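Chemist: Dumping the structure here so I can ask a few things about it.
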Amino acid sequence: VVTEQRGVDLRAAHHQDLPGPGGEHRLILPGAGAKQSELGVMPGRDNRDPDGKAQQRSGLRQQGADRLACFNQPREQAARQAGFDKKPEVVSQVDAATRNLLAQLEATRQTMITRAYWEDYLKKHPISDAQLKTQYDTMKAQMGSTEYKLRHILVANEDDAKAIIANLKKGAKFEELAKQSIDPGSKENGGELDWAAASNYVKPFAEALAALAKGKYTESPVKSDFGYHVIMLDDTRPTSFPPFDEVKPRLLQQAQTQQITKMVDSLRAKAKVE
């Protein structure tokens with residue numbers, strides 16, 4: 001699940017959270033896009049053409065190709081009569097174009113065969129609603145029951161962070177001190193970050209955040225891979241989850257992608273590359 005943060009990405013790697021319109025939170029699933037070059041098919045895509053528009057477009061393209069062939073035929077005959085089809089530079093260009101077209105044709109053939117194979121595989125190995133519900137409940141548990149609105153100041157060394165904390169104790173404004181931050185995305189906004197669950201952040205940051213009371217800041221620098229943080233908690237609210245039925249299609253697509261990726265890895269390990 002993904003929280004859009006500006007500047008330094010403090011998110012934990014396993015999941016992220018994206019707020020939707022009006023402040024509600026939408027589950028955006030990692031790995032929902034499979035690599036077409038490897039898989040040959042995007043799981044969950046509907047390839048049917050119920051209104052016949054694709055067939056109609058295909059017919060129009062064929063008509064255009066026929067007209068172009070009729071238009072070019074007299075010119076090609078004239079070029080052949082003039083011997084241009086025998087010129088070495090023209091022959092070379094034609095050979096290169098032919099090889100390119102054959103390569104494209106072969107790639108299309110492989111994609112169509114692979115697509116048919118994976119569609120059949122997914123049909124024979126359906127993912128149940130119970131599996132999707134388990135995945136949904138796991139994601140909810142990972143996010144936790146509370147979201148946090150916070151500010152932070154990121155600096156390169158511990159002494160600078162300690163100096164910022166000392167200035168806060170003397171009554172300095174967090175928003176002013178945030179201009180020292182090396183996080184470019186939040187420094188001009190008083191260090192403010194968007195609403196997010198603690199689990200969306202890297203572990204040291206998340207642990208320090210969860211221990212804060214509203215309106216308080218960390219009285220010791222918080223070290224992470226990015227540097228040293230001073231964190232201030234502005235507010236909290238209960239985490240809002242979209243209903244299962246709303247995210248079920250995306251959960252299914254993710255599960256199918258993972259299913260196919262696992263099979264691809266297995267096939268690749270055993271494959272004889274020709």
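Labels for the structure tokens follow display order: chains A, B, ..., residues from 1 in each chain, ligands from 1.
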For region 207-212 of chain A, find every residue with an atom within 8 Å (counting only C-alpha atoms), except residues of its own chain fewer than 4 positions away, and show them as a PyMOL selection string.

Modeler: chain A and resi 198+203+216-218+222+231-233

Chemist: Take the residues just selected and output them with C-alpha atoms as a tab-separated table (two decimals), in the first residue's frame.

Modeler:
chain	number	residue	atom	x	y	z
A	198	ALA	CA	3.87	4.29	11.16
A	203	LYS	CA	11.90	1.12	11.30
A	216	LYS	CA	5.62	16.60	21.10
A	217	TYR	CA	8.94	16.16	19.33
A	218	THR	CA	11.75	13.64	19.72
A	222	VAL	CA	16.58	9.56	15.41
A	231	ILE	CA	10.34	14.37	14.45
A	232	MET	CA	7.27	16.26	15.68
A	233	LEU	CA	3.80	14.69	15.84

Chemist: Using DSSP assignments from the backbone, pull out every residue in region 161-204 of chain A that falls under helix (DSSP H, G or I) and give it to me as a list of chain:residue names.

Modeler: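 Assigned to helix (DSSP H, G or I), within region 161-204 of chain A: A:Ala161, A:Lys162, A:Ala163, A:Ile164, A:Ile165, A:Ala166, A:Asn167, A:Leu168, A:Lys169, A:Phe174, A:Glu175, A:Glu176, A:Leu177, A:Ala178, A:Lys179, A:Gln180, A:Lys187, A:Glu188, A:Asn189, A:Ala198, A:Ser199, A:Asn200, A:Lys203, A:Pro204.
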
Chemist: Which residues in region 35-259 of chain A does DSSP call strand (DSSP E)? List them as JSON, numbers by chain.

Modeler: {"A": [146, 147, 148, 149, 150, 151, 152, 153, 154, 155, 192, 193, 194, 195, 196, 197, 222, 223, 224, 227, 228, 229, 230, 231, 232, 233, 234, 235, 236, 237, 238]}

Chemist: At a cut-off of 10 Å, using only C-alpha atoms, what residues contact Ala197 (chain A)? Leave out same-chain residues fewer than 2 positions from it and give the result as a PyMOL selection string.

Modeler: chain A and resi 3+11+16-17+142-149+194-195+199-201+206+209-210+236-239

Chemist: Restricting it to N, CA and C atoms, dump the selection as a PDB file, in the first residue's frame.

Modeler:
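result_2.pdb, freshly written:
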ATOM      1  N   THR A   3       2.255   5.560   0.440  1.00  0.00           N
ATOM      2  CA  THR A   3       2.017   6.944   0.849  1.00  0.00           C
ATOM      3  C   THR A   3       2.937   7.835   0.061  1.00  0.00           C
ATOM      4  N   ARG A  11       9.703   5.571   3.288  1.00  0.00           N
ATOM      5  CA  ARG A  11       8.774   4.463   3.390  1.00  0.00           C
ATOM      6  C   ARG A  11       9.484   3.140   3.586  1.00  0.00           C
ATOM      7  N   GLN A  16       3.072   0.264   0.907  1.00  0.00           N
ATOM      8  CA  GLN A  16       2.899   1.705   0.934  1.00  0.00           C
ATOM      9  C   GLN A  16       1.429   2.036   0.793  1.00  0.00           C
ATOM     10  N   ASP A  17       1.083   3.318   1.021  1.00  0.00           N
ATOM     11  CA  ASP A  17      -0.331   3.711   1.104  1.00  0.00           C
ATOM     12  C   ASP A  17      -0.575   5.024   0.394  1.00  0.00           C
ATOM     13  N   GLN A 142      -0.736  -4.965   8.737  1.00  0.00           N
ATOM     14  CA  GLN A 142       0.566  -4.313   8.559  1.00  0.00           C
ATOM     15  C   GLN A 142       0.453  -2.801   8.704  1.00  0.00           C
ATOM     16  N   MET A 143      -0.630  -2.235   8.220  1.00  0.00           N
ATOM     17  CA  MET A 143      -0.795  -0.789   8.292  1.00  0.00           C
ATOM     18  C   MET A 143      -1.053  -0.302   9.706  1.00  0.00           C
ATOM     19  N   GLY A 144      -1.660  -1.134  10.546  1.00  0.00           N
ATOM     20  CA  GLY A 144      -1.978  -0.710  11.894  1.00  0.00           C
ATOM     21  C   GLY A 144      -3.278   0.078  11.936  1.00  0.00           C
ATOM     22  N   SER A 145      -3.675   0.465  13.134  1.00  0.00           N
ATOM     23  CA  SER A 145      -4.974   1.113  13.319  1.00  0.00           C
ATOM     24  C   SER A 145      -4.898   2.634  13.377  1.00  0.00           C
ATOM     25  N   THR A 146      -3.670   3.205  13.309  1.00  0.00           N
ATOM     26  CA  THR A 146      -3.510   4.647  13.477  1.00  0.00           C
ATOM     27  C   THR A 146      -2.678   5.239  12.349  1.00  0.00           C
ATOM     28  N   GLU A 147      -3.076   6.410  11.889  1.00  0.00           N
ATOM     29  CA  GLU A 147      -2.297   7.191  10.926  1.00  0.00           C
ATOM     30  C   GLU A 147      -1.784   8.452  11.609  1.00  0.00           C
ATOM     31  N   TYR A 148      -0.657   8.935  11.148  1.00  0.00           N
ATOM     32  CA  TYR A 148       0.024  10.048  11.807  1.00  0.00           C
ATOM     33  C   TYR A 148       0.245  11.205  10.835  1.00  0.00           C
ATOM     34  N   LYS A 149       0.047  12.419  11.349  1.00  0.00           N
ATOM     35  CA  LYS A 149       0.394  13.646  10.626  1.00  0.00           C
ATOM     36  C   LYS A 149       1.588  14.239  11.353  1.00  0.00           C
ATOM     37  N   ASP A 194       2.836  13.912   4.682  1.00  0.00           N
ATOM     38  CA  ASP A 194       1.429  13.553   4.552  1.00  0.00           C
ATOM     39  C   ASP A 194       1.022  12.527   5.611  1.00  0.00           C
ATOM     40  N   TRP A 195      -0.298  12.373   5.772  1.00  0.00           N
ATOM     41  CA  TRP A 195      -0.836  11.339   6.662  1.00  0.00           C
ATOM     42  C   TRP A 195      -0.297   9.965   6.231  1.00  0.00           C
ATOM     43  N   SER A 199       3.938   2.147   9.995  1.00  0.00           N
ATOM     44  CA  SER A 199       4.592   1.052   9.269  1.00  0.00           C
ATOM     45  C   SER A 199       5.039   1.445   7.875  1.00  0.00           C
ATOM     46  N   ASN A 200       4.609   2.607   7.395  1.00  0.00           N
ATOM     47  CA  ASN A 200       5.043   3.061   6.085  1.00  0.00           C
ATOM     48  C   ASN A 200       6.461   3.620   6.105  1.00  0.00           C
ATOM     49  N   TYR A 201       6.982   3.890   7.291  1.00  0.00           N
ATOM     50  CA  TYR A 201       8.302   4.488   7.411  1.00  0.00           C
ATOM     51  C   TYR A 201       9.348   3.438   7.774  1.00  0.00           C
ATOM     52  N   ALA A 206       9.744   4.914  12.376  1.00  0.00           N
ATOM     53  CA  ALA A 206       8.415   4.445  12.778  1.00  0.00           C
ATOM     54  C   ALA A 206       8.325   4.240  14.294  1.00  0.00           C
ATOM     55  N   LEU A 209       8.209   7.600  16.026  1.00  0.00           N
ATOM     56  CA  LEU A 209       6.930   8.252  15.777  1.00  0.00           C
ATOM     57  C   LEU A 209       5.828   7.673  16.656  1.00  0.00           C
ATOM     58  N   ALA A 210       5.773   6.347  16.735  1.00  0.00           N
ATOM     59  CA  ALA A 210       4.714   5.682  17.501  1.00  0.00           C
ATOM     60  C   ALA A 210       4.798   5.996  18.996  1.00  0.00           C
ATOM     61  N   THR A 236      -3.103  12.571  15.080  1.00  0.00           N
ATOM     62  CA  THR A 236      -3.342  11.169  14.733  1.00  0.00           C
ATOM     63  C   THR A 236      -4.808  10.997  14.362  1.00  0.00           C
ATOM     64  N   ARG A 237      -5.105   9.906  13.659  1.00  0.00           N
ATOM     65  CA  ARG A 237      -6.494   9.562  13.341  1.00  0.00           C
ATOM     66  C   ARG A 237      -6.564   8.061  13.093  1.00  0.00           C
ATOM     67  N   PRO A 238      -7.750   7.467  13.260  1.00  0.00           N
ATOM     68  CA  PRO A 238      -7.890   6.035  12.960  1.00  0.00           C
ATOM     69  C   PRO A 238      -7.640   5.784  11.471  1.00  0.00           C
ATOM     70  N   THR A 239      -6.990   4.687  11.171  1.00  0.00           N
ATOM     71  CA  THR A 239      -6.747   4.319   9.780  1.00  0.00           C
ATOM     72  C   THR A 239      -8.067   3.964   9.100  1.00  0.00           C
TER      73      THR A 239
END

Chemist: List the spatial neighbours of Leu154 (chain A) as a list in words - criterion: any atom at most 9 Å away, only C-alpha atoms, same-chain residues fewer than 5 positions off excluded.

Modeler: Ala161, Ala178, Gln180, Ser181, Ile182, Asp183, Lys187, Gly191, Phe226, Gly227, Tyr228, His229, Val230 and Ile231 of chain A

Chemist: Within 12 Å of region 90-101 of chain A, counting only C-alpha atoms, which residues qualify if same-chain residues fewer than 6 places away don't, as a PDB file with C-alpha atoms, in the first residue's frame?

Modeler:
ATOM      1  CA  ALA A  79      11.792   1.667 -59.972  1.00  0.00           C
ATOM      2  CA  ARG A  80      12.375  -1.981 -60.893  1.00  0.00           C
ATOM      3  CA  GLY A  83      17.188  -1.243 -61.948  1.00  0.00           C
ATOM      4  CA  PHE A  84      16.906   0.200 -58.453  1.00  0.00           C
ATOM      5  CA  ALA A 107       8.197 -11.637 -31.229  1.00  0.00           C
ATOM      6  CA  THR A 108       4.455 -11.342 -31.941  1.00  0.00           C
TER       7      THR A 108
END

Chemist: What does the distance from CA of Asp137 (chain A) to CA of Asp120 (chain A) come to in Å, to one decimal?

Modeler: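 Interatomic distance here is 28.8 Å.
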
Chemist: Using only C-alpha atoms, determine which residues lie at most 12 Å from Ser128 (chain A), disregarding the query and same-chain residues fewer than 6 positions distant; provide the list as a list in words.

Modeler: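 The residues satisfying every condition are Leu122, Thr134, Gln135, Lys248, Leu251, Leu252, Ala255 and Gln256 of chain A.
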
Chemist: Could you save the residues just selected, with N, CA, C and O atoms, as a short mmCIF file (atom, residue, chain, number, x, y, z; two decimals), in the first residue's frame?

Modeler:
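File result_2.cif, as written:
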data_model
loop_
_atom_site.label_atom_id
_atom_site.label_comp_id
_atom_site.auth_asym_id
_atom_site.auth_seq_id
_atom_site.Cartn_x
_atom_site.Cartn_y
_atom_site.Cartn_z
N LEU A 122 -3.96 -19.60 -15.73
CA LEU A 122 -4.75 -18.89 -14.73
C LEU A 122 -6.15 -19.48 -14.59
O LEU A 122 -6.72 -19.52 -13.51
N THR A 134 -7.56 -13.10 2.84
CA THR A 134 -6.41 -13.27 3.72
C THR A 134 -5.34 -12.22 3.42
O THR A 134 -4.76 -11.62 4.34
N GLN A 135 -5.11 -11.98 2.14
CA GLN A 135 -4.14 -10.97 1.74
C GLN A 135 -4.58 -9.58 2.20
O GLN A 135 -3.78 -8.78 2.70
N LYS A 248 -10.78 -5.66 -4.31
CA LYS A 248 -10.66 -7.06 -4.74
C LYS A 248 -10.09 -7.21 -6.15
O LYS A 248 -9.21 -8.06 -6.37
N LEU A 251 -6.41 -6.68 -5.90
CA LEU A 251 -5.81 -7.79 -5.18
C LEU A 251 -5.69 -9.02 -6.08
O LEU A 251 -4.68 -9.73 -6.05
N LEU A 252 -6.72 -9.26 -6.87
CA LEU A 252 -6.70 -10.40 -7.78
C LEU A 252 -5.60 -10.23 -8.82
O LEU A 252 -4.85 -11.17 -9.11
N ALA A 255 -2.29 -10.88 -7.18
CA ALA A 255 -2.11 -12.30 -6.89
C ALA A 255 -1.80 -13.09 -8.16
O ALA A 255 -0.95 -13.99 -8.16
N GLN A 256 -2.49 -12.75 -9.25
CA GLN A 256 -2.23 -13.43 -10.53
C GLN A 256 -0.82 -13.13 -11.03
O GLN A 256 -0.13 -14.01 -11.56
#
